[in-house]
Every structure is written in structure tokens, then in C-alpha cells.
file input-v5.pdb (PDB, C-alpha atoms and all ligand atoms)
ATOM      1  CA  MET A   1      13.078  -1.158  30.870
ATOM      2  CA  LYS A   2      15.233  -4.027  32.129
ATOM      3  CA  LYS A   3      12.979  -7.087  31.675
ATOM      4  CA  ILE A   4      10.708  -7.856  28.754
ATOM      5  CA  GLY A   5       8.643 -10.860  27.684
ATOM      6  CA  VAL A   6       7.866 -12.439  24.335
ATOM      7  CA  LEU A   7       5.048 -14.733  23.266
ATOM      8  CA  THR A   8       3.654 -16.227  20.068
ATOM      9  CA  SER A   9      -0.063 -16.699  19.744
ATOM     10  CA  GLY A  10      -2.799 -17.820  17.325
ATOM     11  CA  GLY A  11      -1.996 -19.868  14.219
ATOM     12  CA  ASP A  12       1.756 -20.457  13.969
ATOM     13  CA  SER A  13       3.552 -19.184  10.898
ATOM     14  CA  PRO A  14       6.950 -20.017   9.393
ATOM     15  CA  GLY A  15       9.396 -17.357  10.563
ATOM     16  CA  MET A  16       7.955 -16.973  14.064
ATOM     17  CA  ASN A  17      11.073 -18.666  15.433
ATOM     18  CA  ALA A  18      13.287 -16.198  13.590
ATOM     19  CA  ALA A  19      11.257 -13.383  15.169
ATOM     20  CA  VAL A  20      11.609 -14.872  18.676
ATOM     21  CA  ARG A  21      15.348 -15.205  18.102
ATOM     22  CA  ALA A  22      15.572 -11.567  17.020
ATOM     23  CA  VAL A  23      13.646 -10.377  20.081
ATOM     24  CA  VAL A  24      15.823 -12.370  22.462
ATOM     25  CA  ARG A  25      19.161 -11.508  20.883
ATOM     26  CA  LYS A  26      18.349  -7.821  20.365
ATOM     27  CA  ALA A  27      17.156  -7.468  23.973
ATOM     28  CA  ILE A  28      20.264  -9.138  25.382
ATOM     29  CA  PHE A  29      22.394  -6.961  23.061
ATOM     30  CA  MET A  30      20.681  -3.979  24.706
ATOM     31  CA  ASP A  31      21.332  -5.384  28.226
ATOM     32  CA  VAL A  32      17.711  -6.287  28.787
ATOM     33  CA  GLU A  33      16.565  -9.629  30.231
ATOM     34  CA  VAL A  34      14.023 -11.612  28.193
ATOM     35  CA  TYR A  35      11.370 -14.048  29.365
ATOM     36  CA  GLY A  36       9.663 -16.495  27.067
ATOM     37  CA  ILE A  37       5.951 -16.954  27.696
ATOM     38  CA  TYR A  38       4.975 -20.431  26.501
ATOM     39  CA  GLN A  39       1.637 -21.411  24.883
ATOM     40  CA  GLY A  40       0.529 -17.881  24.039
ATOM     41  CA  TYR A  41      -1.941 -16.078  26.282
ATOM     42  CA  ASN A  42      -2.808 -19.405  27.977
ATOM     43  CA  GLY A  43       0.747 -19.596  29.247
ATOM     44  CA  LEU A  44       0.606 -15.958  30.290
ATOM     45  CA  ILE A  45      -2.471 -16.584  32.442
ATOM     46  CA  ASN A  46      -0.981 -19.766  33.919
ATOM     47  CA  GLY A  47       2.502 -18.340  34.499
ATOM     48  CA  ASN A  48       4.250 -20.677  32.043
ATOM     49  CA  ILE A  49       7.195 -18.301  31.844
ATOM     50  CA  GLN A  50      10.943 -18.925  31.634
ATOM     51  CA  LYS A  51      14.010 -16.765  31.262
ATOM     52  CA  LEU A  52      15.658 -17.037  27.837
ATOM     53  CA  GLU A  53      19.376 -16.756  27.146
ATOM     54  CA  LEU A  54      21.342 -16.266  23.926
ATOM     55  CA  GLY A  55      21.625 -20.048  23.541
ATOM     56  CA  SER A  56      17.906 -20.624  24.107
ATOM     57  CA  VAL A  57      17.235 -19.381  20.587
ATOM     58  CA  GLY A  58      20.181 -21.089  18.873
ATOM     59  CA  ASP A  59      19.470 -23.364  15.920
ATOM     60  CA  ILE A  60      15.883 -22.175  15.385
ATOM     61  CA  ILE A  61      16.149 -19.516  12.654
ATOM     62  CA  HIS A  62      15.495 -22.106   9.953
ATOM     63  CA  ARG A  63      12.708 -23.996  11.700
ATOM     64  CA  GLY A  64       8.979 -23.631  11.067
ATOM     65  CA  GLY A  65       6.481 -23.529  13.934
ATOM     66  CA  THR A  66       7.308 -21.746  17.162
ATOM     67  CA  MET A  67       9.608 -22.894  19.984
ATOM     68  CA  LEU A  68       7.365 -20.959  22.402
ATOM     69  CA  TYR A  69       4.331 -23.004  21.314
ATOM     70  CA  THR A  70       1.068 -21.249  20.612
ATOM     71  CA  ALA A  71      -2.625 -21.391  21.400
ATOM     72  CA  ARG A  72      -5.918 -19.674  20.784
ATOM     73  CA  CYS A  73      -7.080 -18.474  24.205
ATOM     74  CA  GLU A  74     -10.736 -17.688  24.926
ATOM     75  CA  GLU A  75     -10.044 -16.678  28.533
ATOM     76  CA  PHE A  76      -7.789 -13.825  27.486
ATOM     77  CA  LYS A  77     -10.723 -12.223  25.677
ATOM     78  CA  THR A  78     -12.259 -11.551  29.122
ATOM     79  CA  LYS A  79     -11.283  -8.781  31.542
ATOM     80  CA  GLU A  80     -10.619 -11.415  34.249
ATOM     81  CA  GLY A  81      -8.240 -13.301  31.950
ATOM     82  CA  GLN A  82      -6.411 -10.121  31.042
ATOM     83  CA  LYS A  83      -6.058  -9.183  34.724
ATOM     84  CA  LYS A  84      -4.604 -12.611  35.524
ATOM     85  CA  GLY A  85      -2.093 -12.155  32.689
ATOM     86  CA  ILE A  86      -0.979  -8.751  33.958
ATOM     87  CA  GLU A  87      -0.608 -10.168  37.490
ATOM     88  CA  GLN A  88       1.751 -12.845  36.140
ATOM     89  CA  LEU A  89       3.785 -10.242  34.259
ATOM     90  CA  GLU A  90       4.081  -8.178  37.455
ATOM     91  CA  LYS A  91       5.003 -11.261  39.484
ATOM     92  CA  PHE A  92       7.943 -11.933  37.149
ATOM     93  CA  GLY A  93       8.869  -8.220  37.028
ATOM     94  CA  ILE A  94       8.314  -8.153  33.245
ATOM     95  CA  GLU A  95       7.869  -4.522  32.238
ATOM     96  CA  GLY A  96       6.848  -4.894  28.588
ATOM     97  CA  LEU A  97       5.744  -7.560  26.137
ATOM     98  CA  VAL A  98       6.370  -8.393  22.481
ATOM     99  CA  VAL A  99       3.400 -10.257  20.977
ATOM    100  CA  ILE A 100       4.042 -12.153  17.739
ATOM    101  CA  GLY A 101       0.902 -13.290  15.935
ATOM    102  CA  GLY A 102      -2.124 -12.458  13.829
ATOM    103  CA  ASP A 103      -5.398 -10.701  14.388
ATOM    104  CA  GLY A 104      -6.423 -12.480  17.623
ATOM    105  CA  SER A 105      -2.962 -11.933  19.118
ATOM    106  CA  TYR A 106      -3.149  -8.247  18.236
ATOM    107  CA  GLN A 107      -6.534  -8.016  19.967
ATOM    108  CA  GLY A 108      -4.827  -9.360  23.111
ATOM    109  CA  ALA A 109      -1.990  -6.828  22.764
ATOM    110  CA  LYS A 110      -4.564  -4.089  22.267
ATOM    111  CA  ALA A 111      -6.353  -5.144  25.473
ATOM    112  CA  LEU A 112      -3.086  -5.047  27.434
ATOM    113  CA  THR A 113      -2.375  -1.593  25.960
ATOM    114  CA  GLU A 114      -5.799  -0.420  27.114
ATOM    115  CA  TRP A 115      -4.917  -1.630  30.630
ATOM    116  CA  GLY A 116      -1.839   0.615  30.374
ATOM    117  CA  TYR A 117       0.619  -2.272  29.965
ATOM    118  CA  PRO A 118       3.382  -1.656  27.344
ATOM    119  CA  CYS A 119       3.071  -4.026  24.410
ATOM    120  CA  VAL A 120       4.383  -4.159  20.834
ATOM    121  CA  GLY A 121       2.733  -6.294  18.144
ATOM    122  CA  VAL A 122       4.770  -8.137  15.502
ATOM    123  CA  PRO A 123       2.687  -9.424  12.559
ATOM    124  CA  GLY A 124       3.109 -13.205  12.328
ATOM    125  CA  THR A 125       0.501 -15.010  10.246
ATOM    126  CA  ILE A 126       0.359 -16.700   6.870
ATOM    127  CA  ASP A 127      -2.844 -14.770   6.066
ATOM    128  CA  ASN A 128      -1.171 -11.400   5.345
ATOM    129  CA  ASP A 129      -4.225  -9.688   6.810
ATOM    130  CA  ILE A 130      -2.764  -7.402   9.460
ATOM    131  CA  PRO A 131      -3.249  -3.665   8.944
ATOM    132  CA  GLY A 132      -0.153  -1.480   9.198
ATOM    133  CA  THR A 133       2.149  -3.761   7.231
ATOM    134  CA  GLU A 134       2.396  -4.822   3.605
ATOM    135  CA  TYR A 135       3.662  -8.272   4.553
ATOM    136  CA  THR A 136       3.292 -10.549   7.534
ATOM    137  CA  ILE A 137       5.825 -13.125   8.698
ATOM    138  CA  GLY A 138       5.019 -16.507   7.125
ATOM    139  CA  PHE A 139       3.072 -15.254   4.117
ATOM    140  CA  ASP A 140       5.962 -15.728   1.689
ATOM    141  CA  THR A 141       6.683 -19.264   2.898
ATOM    142  CA  ALA A 142       3.009 -20.234   2.714
ATOM    143  CA  LEU A 143       2.839 -18.864  -0.828
ATOM    144  CA  ASN A 144       5.804 -20.942  -1.891
ATOM    145  CA  THR A 145       4.178 -24.033  -0.377
ATOM    146  CA  VAL A 146       0.967 -23.342  -2.296
ATOM    147  CA  ILE A 147       2.821 -22.728  -5.549
ATOM    148  CA  ASP A 148       4.720 -25.967  -5.154
ATOM    149  CA  ALA A 149       1.362 -27.740  -4.737
ATOM    150  CA  ILE A 150      -0.199 -25.952  -7.730
ATOM    151  CA  ASP A 151       2.756 -26.914  -9.939
ATOM    152  CA  LYS A 152       2.364 -30.561  -8.951
ATOM    153  CA  ILE A 153      -1.395 -30.537  -9.406
ATOM    154  CA  ARG A 154      -0.926 -28.938 -12.823
ATOM    155  CA  ASP A 155       1.034 -32.010 -13.991
ATOM    156  CA  THR A 156      -1.796 -34.383 -13.217
ATOM    157  CA  ALA A 157      -4.467 -31.874 -14.317
ATOM    158  CA  THR A 158      -2.828 -31.636 -17.750
ATOM    159  CA  SER A 159      -2.366 -35.397 -18.098
ATOM    160  CA  HIS A 160      -6.042 -36.058 -17.394
ATOM    161  CA  GLU A 161      -7.271 -32.825 -19.020
ATOM    162  CA  ARG A 162      -9.112 -32.005 -15.818
ATOM    163  CA  THR A 163     -10.319 -28.989 -13.927
ATOM    164  CA  PHE A 164      -8.910 -28.759 -10.416
ATOM    165  CA  ILE A 165     -10.203 -26.672  -7.563
ATOM    166  CA  ILE A 166      -7.575 -25.790  -4.980
ATOM    167  CA  GLU A 167      -8.765 -24.445  -1.638
ATOM    168  CA  VAL A 168      -6.246 -22.301   0.201
ATOM    169  CA  MET A 169      -6.226 -20.716   3.665
ATOM    170  CA  GLY A 170      -6.350 -17.018   4.508
ATOM    171  CA  ARG A 171      -9.289 -16.690   6.913
ATOM    172  CA  ASN A 172     -11.269 -13.687   5.624
ATOM    173  CA  ALA A 173      -8.463 -12.443   3.385
ATOM    174  CA  GLY A 174      -7.737 -13.422  -0.213
ATOM    175  CA  ASP A 175      -4.009 -12.653  -0.278
ATOM    176  CA  ILE A 176      -2.781 -16.260  -0.318
ATOM    177  CA  ALA A 177      -5.243 -17.123  -3.097
ATOM    178  CA  LEU A 178      -4.460 -14.055  -5.175
ATOM    179  CA  TRP A 179      -0.666 -14.201  -4.962
ATOM    180  CA  SER A 180      -0.467 -17.968  -5.426
ATOM    181  CA  GLY A 181      -3.014 -17.855  -8.247
ATOM    182  CA  LEU A 182      -1.012 -15.211 -10.061
ATOM    183  CA  ALA A 183       2.318 -16.938  -9.449
ATOM    184  CA  GLY A 184       0.890 -20.372 -10.264
ATOM    185  CA  GLY A 185      -0.868 -19.285 -13.462
ATOM    186  CA  ALA A 186      -4.338 -20.275 -12.251
ATOM    187  CA  GLU A 187      -7.194 -19.781 -14.714
ATOM    188  CA  THR A 188      -9.458 -18.377 -12.007
ATOM    189  CA  VAL A 189      -8.876 -16.959  -8.529
ATOM    190  CA  LEU A 190     -11.762 -16.457  -6.113
ATOM    191  CA  ILE A 191     -11.199 -14.088  -3.196
ATOM    192  CA  PRO A 192     -13.607 -12.915  -0.490
ATOM    193  CA  GLU A 193     -12.931  -9.258  -1.270
ATOM    194  CA  GLU A 194     -14.480  -9.535  -4.776
ATOM    195  CA  LYS A 195     -17.820 -11.086  -5.736
ATOM    196  CA  PHE A 196     -17.591 -13.731  -8.437
ATOM    197  CA  ASP A 197     -19.972 -14.636 -11.212
ATOM    198  CA  MET A 198     -20.241 -18.347 -12.073
ATOM    199  CA  ASP A 199     -21.126 -17.562 -15.704
ATOM    200  CA  ASP A 200     -17.938 -15.550 -16.016
ATOM    201  CA  VAL A 201     -15.866 -18.406 -14.523
ATOM    202  CA  ILE A 202     -17.415 -20.868 -16.986
ATOM    203  CA  THR A 203     -16.989 -18.581 -20.018
ATOM    204  CA  ARG A 204     -13.316 -18.095 -19.217
ATOM    205  CA  LEU A 205     -12.718 -21.842 -18.818
ATOM    206  CA  ASN A 206     -14.565 -22.607 -22.065
ATOM    207  CA  LYS A 207     -12.538 -20.032 -23.981
ATOM    208  CA  GLY A 208      -9.303 -21.541 -22.668
ATOM    209  CA  GLN A 209     -10.378 -25.034 -23.668
ATOM    210  CA  GLU A 210     -11.408 -23.833 -27.150
ATOM    211  CA  ARG A 211      -7.898 -22.579 -27.759
ATOM    212  CA  GLY A 212      -6.457 -25.909 -26.615
ATOM    213  CA  LYS A 213      -5.811 -25.584 -22.876
ATOM    214  CA  LYS A 214      -5.462 -29.047 -21.395
ATOM    215  CA  HIS A 215      -6.308 -28.190 -17.807
ATOM    216  CA  SER A 216      -7.896 -25.540 -15.646
ATOM    217  CA  ILE A 217      -6.907 -24.526 -12.161
ATOM    218  CA  ILE A 218      -9.286 -22.622  -9.945
ATOM    219  CA  VAL A 219      -7.882 -21.284  -6.664
ATOM    220  CA  VAL A 220     -10.568 -20.675  -4.041
ATOM    221  CA  ALA A 221      -9.807 -18.735  -0.856
ATOM    222  CA  GLU A 222     -11.419 -20.412   2.157
ATOM    223  CA  GLY A 223     -13.070 -17.072   2.954
ATOM    224  CA  VAL A 224     -15.206 -17.421  -0.214
ATOM    225  CA  MET A 225     -16.456 -20.964   0.415
ATOM    226  CA  SER A 226     -14.973 -24.432   0.683
ATOM    227  CA  GLY A 227     -13.446 -26.019  -2.398
ATOM    228  CA  ASN A 228     -16.012 -28.833  -2.172
ATOM    229  CA  GLU A 229     -18.924 -26.411  -2.070
ATOM    230  CA  PHE A 230     -17.562 -24.615  -5.116
ATOM    231  CA  ALA A 231     -17.129 -27.964  -6.922
ATOM    232  CA  ASP A 232     -20.792 -28.808  -6.231
ATOM    233  CA  ARG A 233     -21.972 -25.451  -7.559
ATOM    234  CA  PHE A 234     -19.714 -25.779 -10.589
ATOM    235  CA  LYS A 235     -21.107 -29.246 -11.326
ATOM    236  CA  GLU A 236     -24.670 -27.950 -10.962
ATOM    237  CA  ALA A 237     -23.934 -25.213 -13.492
ATOM    238  CA  THR A 238     -21.898 -27.217 -16.018
ATOM    239  CA  GLY A 239     -22.453 -30.892 -15.345
ATOM    240  CA  MET A 240     -18.656 -31.196 -15.274
ATOM    241  CA  ASP A 241     -16.725 -33.258 -12.745
ATOM    242  CA  THR A 242     -13.733 -31.653 -11.089
ATOM    243  CA  ARG A 243     -11.162 -32.708  -8.530
ATOM    244  CA  VAL A 244     -10.785 -30.778  -5.289
ATOM    245  CA  SER A 245      -7.580 -30.354  -3.353
ATOM    246  CA  VAL A 246      -7.761 -28.760   0.104
ATOM    247  CA  LEU A 247      -4.217 -27.749   0.974
ATOM    248  CA  GLY A 248      -4.977 -27.165   4.669
ATOM    249  CA  HIS A 249      -2.349 -26.939   7.367
ATOM    250  CA  ILE A 250       0.649 -27.809   5.204
ATOM    251  CA  GLN A 251       0.445 -24.105   4.335
ATOM    252  CA  ARG A 252       1.442 -23.256   7.909
ATOM    253  CA  GLY A 253       4.524 -25.446   8.174
ATOM    254  CA  GLY A 254       7.964 -25.836   6.703
ATOM    255  CA  THR A 255      11.267 -24.062   6.560
ATOM    256  CA  PRO A 256      10.785 -20.296   6.393
ATOM    257  CA  THR A 257      11.992 -18.654   3.195
ATOM    258  CA  ALA A 258      14.934 -16.248   3.310
ATOM    259  CA  SER A 259      12.492 -13.404   2.849
ATOM    260  CA  ASP A 260      10.445 -14.432   5.909
ATOM    261  CA  ARG A 261      13.564 -14.893   8.023
ATOM    262  CA  VAL A 262      14.856 -11.442   7.122
ATOM    263  CA  LEU A 263      11.458  -9.840   7.717
ATOM    264  CA  ALA A 264      11.108 -11.618  11.073
ATOM    265  CA  SER A 265      14.594 -10.549  12.161
ATOM    266  CA  ARG A 266      13.981  -6.922  11.254
ATOM    267  CA  LEU A 267      10.529  -6.704  12.824
ATOM    268  CA  GLY A 268      11.529  -8.576  16.003
ATOM    269  CA  ALA A 269      14.506  -6.290  16.615
ATOM    270  CA  LYS A 270      12.448  -3.175  15.879
ATOM    271  CA  ALA A 271       9.813  -4.250  18.418
ATOM    272  CA  VAL A 272      12.461  -4.504  21.126
ATOM    273  CA  GLU A 273      13.908  -1.090  20.268
ATOM    274  CA  LEU A 274      10.463   0.479  20.600
ATOM    275  CA  LEU A 275       9.557  -1.288  23.814
ATOM    276  CA  VAL A 276      12.865  -0.628  25.562
ATOM    277  CA  SER A 277      12.815   3.045  24.601
ATOM    278  CA  GLY A 278       9.414   3.402  26.287
ATOM    279  CA  ASN A 279       7.227   3.235  23.170
ATOM    280  CA  GLY A 280       4.599   0.645  24.067
ATOM    281  CA  GLY A 281       1.217   0.344  22.386
ATOM    282  CA  ARG A 282       2.745   0.046  18.921
ATOM    283  CA  ALA A 283       2.416  -2.376  16.000
ATOM    284  CA  VAL A 284       5.460  -2.819  13.769
ATOM    285  CA  GLY A 285       5.316  -3.446  10.047
ATOM    286  CA  ILE A 286       7.028  -3.038   6.724
ATOM    287  CA  GLU A 287       6.048  -0.639   3.946
ATOM    288  CA  LYS A 288       8.087  -0.052   0.791
ATOM    289  CA  ASN A 289      10.852  -2.065   2.480
ATOM    290  CA  GLN A 290      11.074   0.416   5.372
ATOM    291  CA  LEU A 291      10.234  -0.508   8.960
ATOM    292  CA  VAL A 292       7.217   1.396  10.258
ATOM    293  CA  ASP A 293       5.242   1.452  13.493
ATOM    294  CA  TYR A 294       1.732   2.575  14.303
ATOM    295  CA  ASP A 295      -0.439   3.007  17.344
ATOM    296  CA  ILE A 296      -1.788  -0.530  17.777
ATOM    297  CA  ILE A 297      -5.350   0.602  18.523
ATOM    298  CA  GLU A 298      -5.467   2.864  15.460
ATOM    299  CA  ALA A 299      -3.842   0.209  13.262
ATOM    300  CA  LEU A 300      -6.420  -2.380  14.239
ATOM    301  CA  ALA A 301      -9.250  -0.018  13.403
ATOM    302  CA  LYS A 302      -8.086   0.149   9.767
ATOM    303  CA  PRO A 303      -9.394  -2.391   7.266
ATOM    304  CA  HIS A 304      -7.030  -4.734   5.456
ATOM    305  CA  HIS A 305      -6.835  -3.981   1.742
ATOM    306  CA  ILE A 306      -6.177  -6.463  -1.013
ATOM    307  CA  ASP A 307      -4.335  -5.327  -4.132
ATOM    308  CA  LEU A 308      -7.140  -5.105  -6.687
ATOM    309  CA  GLU A 309      -4.727  -4.108  -9.431
ATOM    310  CA  MET A 310      -3.073  -7.477  -8.919
ATOM    311  CA  TYR A 311      -6.465  -9.190  -8.966
ATOM    312  CA  ASN A 312      -7.256  -7.625 -12.348
ATOM    313  CA  LEU A 313      -3.817  -8.550 -13.626
ATOM    314  CA  SER A 314      -4.358 -12.189 -12.656
ATOM    315  CA  LYS A 315      -7.547 -12.127 -14.753
ATOM    316  CA  GLU A 316      -5.851 -10.463 -17.713
ATOM    317  CA  LEU A 317      -2.953 -12.937 -17.755
ATOM    318  CA  SER A 318      -5.042 -16.078 -17.469
ATOM    319  CA  ILE A 319      -7.161 -15.620 -20.629
TER     320      ILE A 319
HETATM  321  O1  LIG A 401      -4.741 -17.593  10.713
HETATM  322  C1  LIG A 401      -4.014 -18.662  10.205
HETATM  323  C2  LIG A 401      -4.934 -19.774   9.774
HETATM  324  O2  LIG A 401      -4.142 -20.827   9.248
HETATM  325  C3  LIG A 401      -6.036 -19.376   8.788
HETATM  326  O3  LIG A 401      -5.554 -19.269   7.479
HETATM  327  C4  LIG A 401      -7.028 -20.489   9.002
HETATM  328  O4  LIG A 401      -8.329 -20.065   8.669
HETATM  329  C5  LIG A 401      -6.913 -20.768  10.475
HETATM  330  O5  LIG A 401      -5.651 -20.291  10.880
HETATM  331  C6  LIG A 401      -7.028 -22.225  10.843
HETATM  332  O6  LIG A 401      -7.004 -22.327  12.211
HETATM  333  P1  LIG A 401      -6.811 -23.681  13.016
HETATM  334  O7  LIG A 401      -5.376 -24.088  12.907
HETATM  335  O8  LIG A 401      -7.188 -23.337  14.413
HETATM  336  O9  LIG A 401      -7.695 -24.688  12.377
END
call {"tool": "encode", "arguments": {"input": "input-v5.pdb", "output": "C-alpha cells", "more": "lines below"}}
Ligand code: F6P
result
Amino acid sequence: MKKIGVLTSGGDSPGMNAAVRAVVRKAIFMDVEVYGIYQGYNGLINGNIQKLELGSVGDIIHRGGTMLYTARCEEFKTKEGQKKGIEQLEKFGIEGLVVIGGDGSYQGAKALTEWGYPCVGVPGTIDNDIPGTEYTIGFDTALNTVIDAIDKIRDTATSHERTFIIEVMGRNAGDIALWSGLAGGAETVLIPEEKFDMDDVITRLNKGQERGKKHSIIVVAEGVMSGNEFADRFKEATGMDTRVSVLGHIQRGGTPTASDRVLASRLGAKAVELLVSGNGGRAVGIEKNQLVDYDIIEALAKPHHIDLEMYNLSKELSI
């Protein structure tokens, strides 16, 4: 393989730039030309493609977002859209593609694989919900952003002796809520993977207040319900007013942590190695700090698992 392409797609995540840099530099190191496909699968369909050089990815390792831009592309979900994308790749003589993104991006890579086009998926999403890897690029940075917010909210929650509800992202996964709740010392964490009982939430908060706790922090994953909806239900059950903080898209931005940069560099380089050595149709990941790769179709068929041991621990430690 002498020419490969790289694109980022779906919700951006901090560390995507470090992954793009790794793909470009590793490919050039291996004497392979690299083409950047801008604006995700939209750019692929429209031929928004440019050759990248070593310098094209200079000064980006520490930047959030993605220099290749990103998009969510409905057209690429159709056979016609996929065909158009493959025609563009053939027009530019691009023999294989590295796709950096989350679930939707992987579905696109899977479709290309089913057309017989060599593709490797690199997990880039703050949600940490991609099967075949313990961590996704951007998750660690997003967690640190959430924890910073929780710490700040805790100051005002304590001063006013209030209960705060903090809504975090994660799509259908509770990883951001669980990890940030544990690291931020939240009284209650609600995740979509586990049903919650309002009576239990209230009993726990009451017990904390009886022993002198000055505040309560409840982290709600967006996959459970919105923070505002939970606040309404909580008020209905207790008559108590709360304050709601929806952290939103700040969770997607910012300087990637060292951990995300290292992960992105390792995964990006591994993807190129696989592609160039003729191993398309793979998804790269990290397990027990070792790089792994799986058949992308099989990987996507597996469900994402949350760490329930950690969920129980967060309950035990927040009594
Ligand atoms: O997948 C990343 C993510 O930030 C999710 O956590 C969230 O549900 C979604 O994207 C938001 O998407 P958008 O930026 O299109 O509103």
C-alpha cells in the first residue's frame, strides 16, 4: 500500500489531532503517502481531500478538536453515499483508510469493509463506548473537565448547603458519569446501564445530611434522563429545590491530557501498521495497556460493558 487516507468523524474528542498526527507521521516514516479527508464522510463523498506532509500536522498534538474537521453524515448511511465515497478514494488512488471516531464513524468503516475496501477504525470519542477497547481517545480529558466542574460546583453547593444535579454526556453509556462521580466524590451516580430507585437516592441523601453533610452532588448521565427532568422528579418526591448544571459541550473541548495524547499516538500508529501490511477491516484498541486489534464487524457486534464493580464501589464510598 503506497497511499492511505485519514478522516475524523462524528463528535470530536480531545486527542483526535494527536491521532491524526500519528497516522500521518507513521505513514510517512513507512514511505507511504497520506491524504487528509476533511469534514468526515461528507468530505469523502464530496472529494474534500488533500495530501498531508510532515509539517501539515505540526503544532497540533496539544490542541483539542480536529484539524480535519468533522461531521455527522446521513448520506454515508446509504449505499449510494458509500459508493460515491469509494469512487472518490479510487479517484485519488487512496488504497486504504484510517477512520478516527465513535460509533457512527465505525458504522461507516464497517460499511466500507463490507464493500471490500480496507479500513481501520481508531476509537475517538469522549463516551468510552466503543467495543474492543478499554479506553477511547478523549475520555480521560472529558473526565478531567467534568471533575474540574464538580469541584467548583461543590464549593458553592457546600456554601449554600444545596443539592446539585450535574448532567454529563455519554450518549447511551454511563462511563463519564461513573468515573467522574467516583473521582468527584458524588453522593449519587445515575447511569443508563443500571436502574435507579428514587427512594434509595433520597434515603442516601438523608443519611448523609443527618451525619452533617453540607451538600449533595448527583451526577446524571444524559442516557438516563436530562438533569432538569431528574430535578423535577426529585422535587415531586421530596419537595426539595435543587440546582441543575448541564455541562454540555465543554466536555468535548480543551487540551488533551497526556494520557489521551499517548493513547492517540499509539493507536494512530498501530492503525497505519495494520493497514499498510494489508490488514484492513480491523478496529484497534487498548486492553491492559497492550495494543489490540479485532475484526471491525465482530467488534461492533459486541455490547459495550460498564464496570459494575466500580459502580458498586462508588455507592459504597459515598455513604
Ligand atoms: O458522542 C459524543 C457526544 O458528545 C455525546 O456524548 C453526545 O450525546 C453527542 O455527542 C452530542 O452530539 P452533538 O454535538 O451532535 O450535539
call {"tool": "resolve_selection", "arguments": {"input": "input-v5.pdb", "expression": "the PyMOL selection byres (((not hetatm)) within 9 of (chain A and resi 401))", "output": "list in words"}}
result
Gly10, Gly11, Asp12, Ser13, Ala71, Arg72, Gly101, Gly102, Asp103, Gly104, Thr125, Ile126, Asp127, Asn128, Asp129, Val168, Met169, Gly170, Arg171, Asn172, Ala173, Ile176, Glu222, Gly223, Gly248, His249, Gln251 and Arg252 of chain A
call {"tool": "closest_residue", "arguments": {"input": "input-v5.pdb", "among": "A:Asn312, A:Gln39, A:Thr66, A:Ser180", "to": "A:Thr141", "atoms": "all atoms listed in the file"}}
result
A:Ser180
call {"tool": "closest_residue", "arguments": {"input": "input-v5.pdb", "among": "A:Thr257, A:His215, A:Thr78, A:Met1", "to": "A:Ser159", "atoms": "all atoms listed in the file"}}
result
A:His215
call {"tool": "resolve_selection", "arguments": {"input": "input-v5.pdb", "expression": "the PyMOL selection byres (((chain A and resi 154) around 12) and not hetatm)", "output": "number ranges by chain"}}
result
A: 147-153, 155-166, 184-187, 213-218, 243, 245
call {"tool": "resolve_selection", "arguments": {"input": "input-v5.pdb", "expression": "the PyMOL selection byres (((chain A and resi 19-22) around 9) and not hetatm)", "output": "JSON list (two decimals) with C-alpha atoms, keeping the file's coordinate frame"}}
result
[["chain", "number", "residue", "atom", "x", "y", "z"],
["A", 6, "VAL", "CA", 7.87, -12.44, 24.34],
["A", 7, "LEU", "CA", 5.05, -14.73, 23.27],
["A", 8, "THR", "CA", 3.65, -16.23, 20.07],
["A", 15, "GLY", "CA", 9.40, -17.36, 10.56],
["A", 16, "MET", "CA", 7.96, -16.97, 14.06],
["A", 17, "ASN", "CA", 11.07, -18.67, 15.43],
["A", 18, "ALA", "CA", 13.29, -16.20, 13.59],
["A", 23, "VAL", "CA", 13.65, -10.38, 20.08],
["A", 24, "VAL", "CA", 15.82, -12.37, 22.46],
["A", 25, "ARG", "CA", 19.16, -11.51, 20.88],
["A", 26, "LYS", "CA", 18.35, -7.82, 20.36],
["A", 27, "ALA", "CA", 17.16, -7.47, 23.97],
["A", 36, "GLY", "CA", 9.66, -16.50, 27.07],
["A", 54, "LEU", "CA", 21.34, -16.27, 23.93],
["A", 56, "SER", "CA", 17.91, -20.62, 24.11],
["A", 57, "VAL", "CA", 17.24, -19.38, 20.59],
["A", 58, "GLY", "CA", 20.18, -21.09, 18.87],
["A", 60, "ILE", "CA", 15.88, -22.18, 15.38],
["A", 61, "ILE", "CA", 16.15, -19.52, 12.65],
["A", 66, "THR", "CA", 7.31, -21.75, 17.16],
["A", 67, "MET", "CA", 9.61, -22.89, 19.98],
["A", 68, "LEU", "CA", 7.36, -20.96, 22.40],
["A", 100, "ILE", "CA", 4.04, -12.15, 17.74],
["A", 122, "VAL", "CA", 4.77, -8.14, 15.50],
["A", 124, "GLY", "CA", 3.11, -13.20, 12.33],
["A", 137, "ILE", "CA", 5.82, -13.12, 8.70],
["A", 261, "ARG", "CA", 13.56, -14.89, 8.02],
["A", 263, "LEU", "CA", 11.46, -9.84, 7.72],
["A", 264, "ALA", "CA", 11.11, -11.62, 11.07],
["A", 265, "SER", "CA", 14.59, -10.55, 12.16],
["A", 266, "ARG", "CA", 13.98, -6.92, 11.25],
["A", 267, "LEU", "CA", 10.53, -6.70, 12.82],
["A", 268, "GLY", "CA", 11.53, -8.58, 16.00],
["A", 269, "ALA", "CA", 14.51, -6.29, 16.61],
["A", 272, "VAL", "CA", 12.46, -4.50, 21.13]]
call {"tool": "atom_distance", "arguments": {"input": "input-v5.pdb", "atom1": "atom CA of A:Leu112", "atom2": "atom CA of A:Asp295"}}
result
13.2 Å
call {"tool": "atom_distance", "arguments": {"input": "input-v5.pdb", "atom1": "atom CA of A:Lys2", "atom2": "atom CA of A:Ala109"}}
result
19.8 Å
call {"tool": "atom_distance", "arguments": {"input": "input-v5.pdb", "atom1": "atom CA of A:Val244", "atom2": "atom CA of A:Gln209"}}
result
19.3 Å
call {"tool": "closest_residue", "arguments": {"input": "input-v5.pdb", "among": "A:Asn279, A:Lys315, A:Gly47, A:Thr238", "to": "A:Thr113", "atoms": "all atoms listed in the file"}}
result
A:Asn279
call {"tool": "residues_around", "arguments": {"input": "input-v5.pdb", "residues": "stretch 285-288 of chain A", "least_positions_apart": "5", "cutoff": "8 Å", "atoms": "only C-alpha atoms", "output": "PyMOL selection string"}}
result
chain A and resi 122-123+132-136+267+293
call {"tool": "residues_around", "arguments": {"input": "input-v5.pdb", "residues": "stretch 191-208 of chain A", "least_positions_apart": "6", "cutoff": "6 Å", "atoms": "only C-alpha atoms", "output": "PyMOL selection string"}}
result
chain A and resi 174+221+223-224
call {"tool": "closest_residue", "arguments": {"input": "input-v5.pdb", "among": "A:Asp260, A:Gly121, A:Gly64, A:Gly239", "to": "A:Tyr294", "atoms": "all atoms listed in the file"}}
result
A:Gly121
call {"tool": "closest_residue", "arguments": {"input": "input-v5.pdb", "among": "A:Val146, A:Val246, A:Leu190, A:Val98", "to": "A:Arg282", "atoms": "all atoms listed in the file"}}
result
A:Val98
call {"tool": "closest_residue", "arguments": {"input": "input-v5.pdb", "among": "A:Ala177, A:Leu182, A:Ala271, A:Ala142", "to": "A:Gly254", "atoms": "only C-alpha atoms"}}
result
A:Ala142
call {"tool": "residues_around", "arguments": {"input": "input-v5.pdb", "residues": "A:Lys83", "least_positions_apart": "4", "cutoff": "9 Å", "atoms": "only C-alpha atoms", "output": "number ranges by chain"}}
result
A: 45, 76, 78-79, 87-88, 112, 115
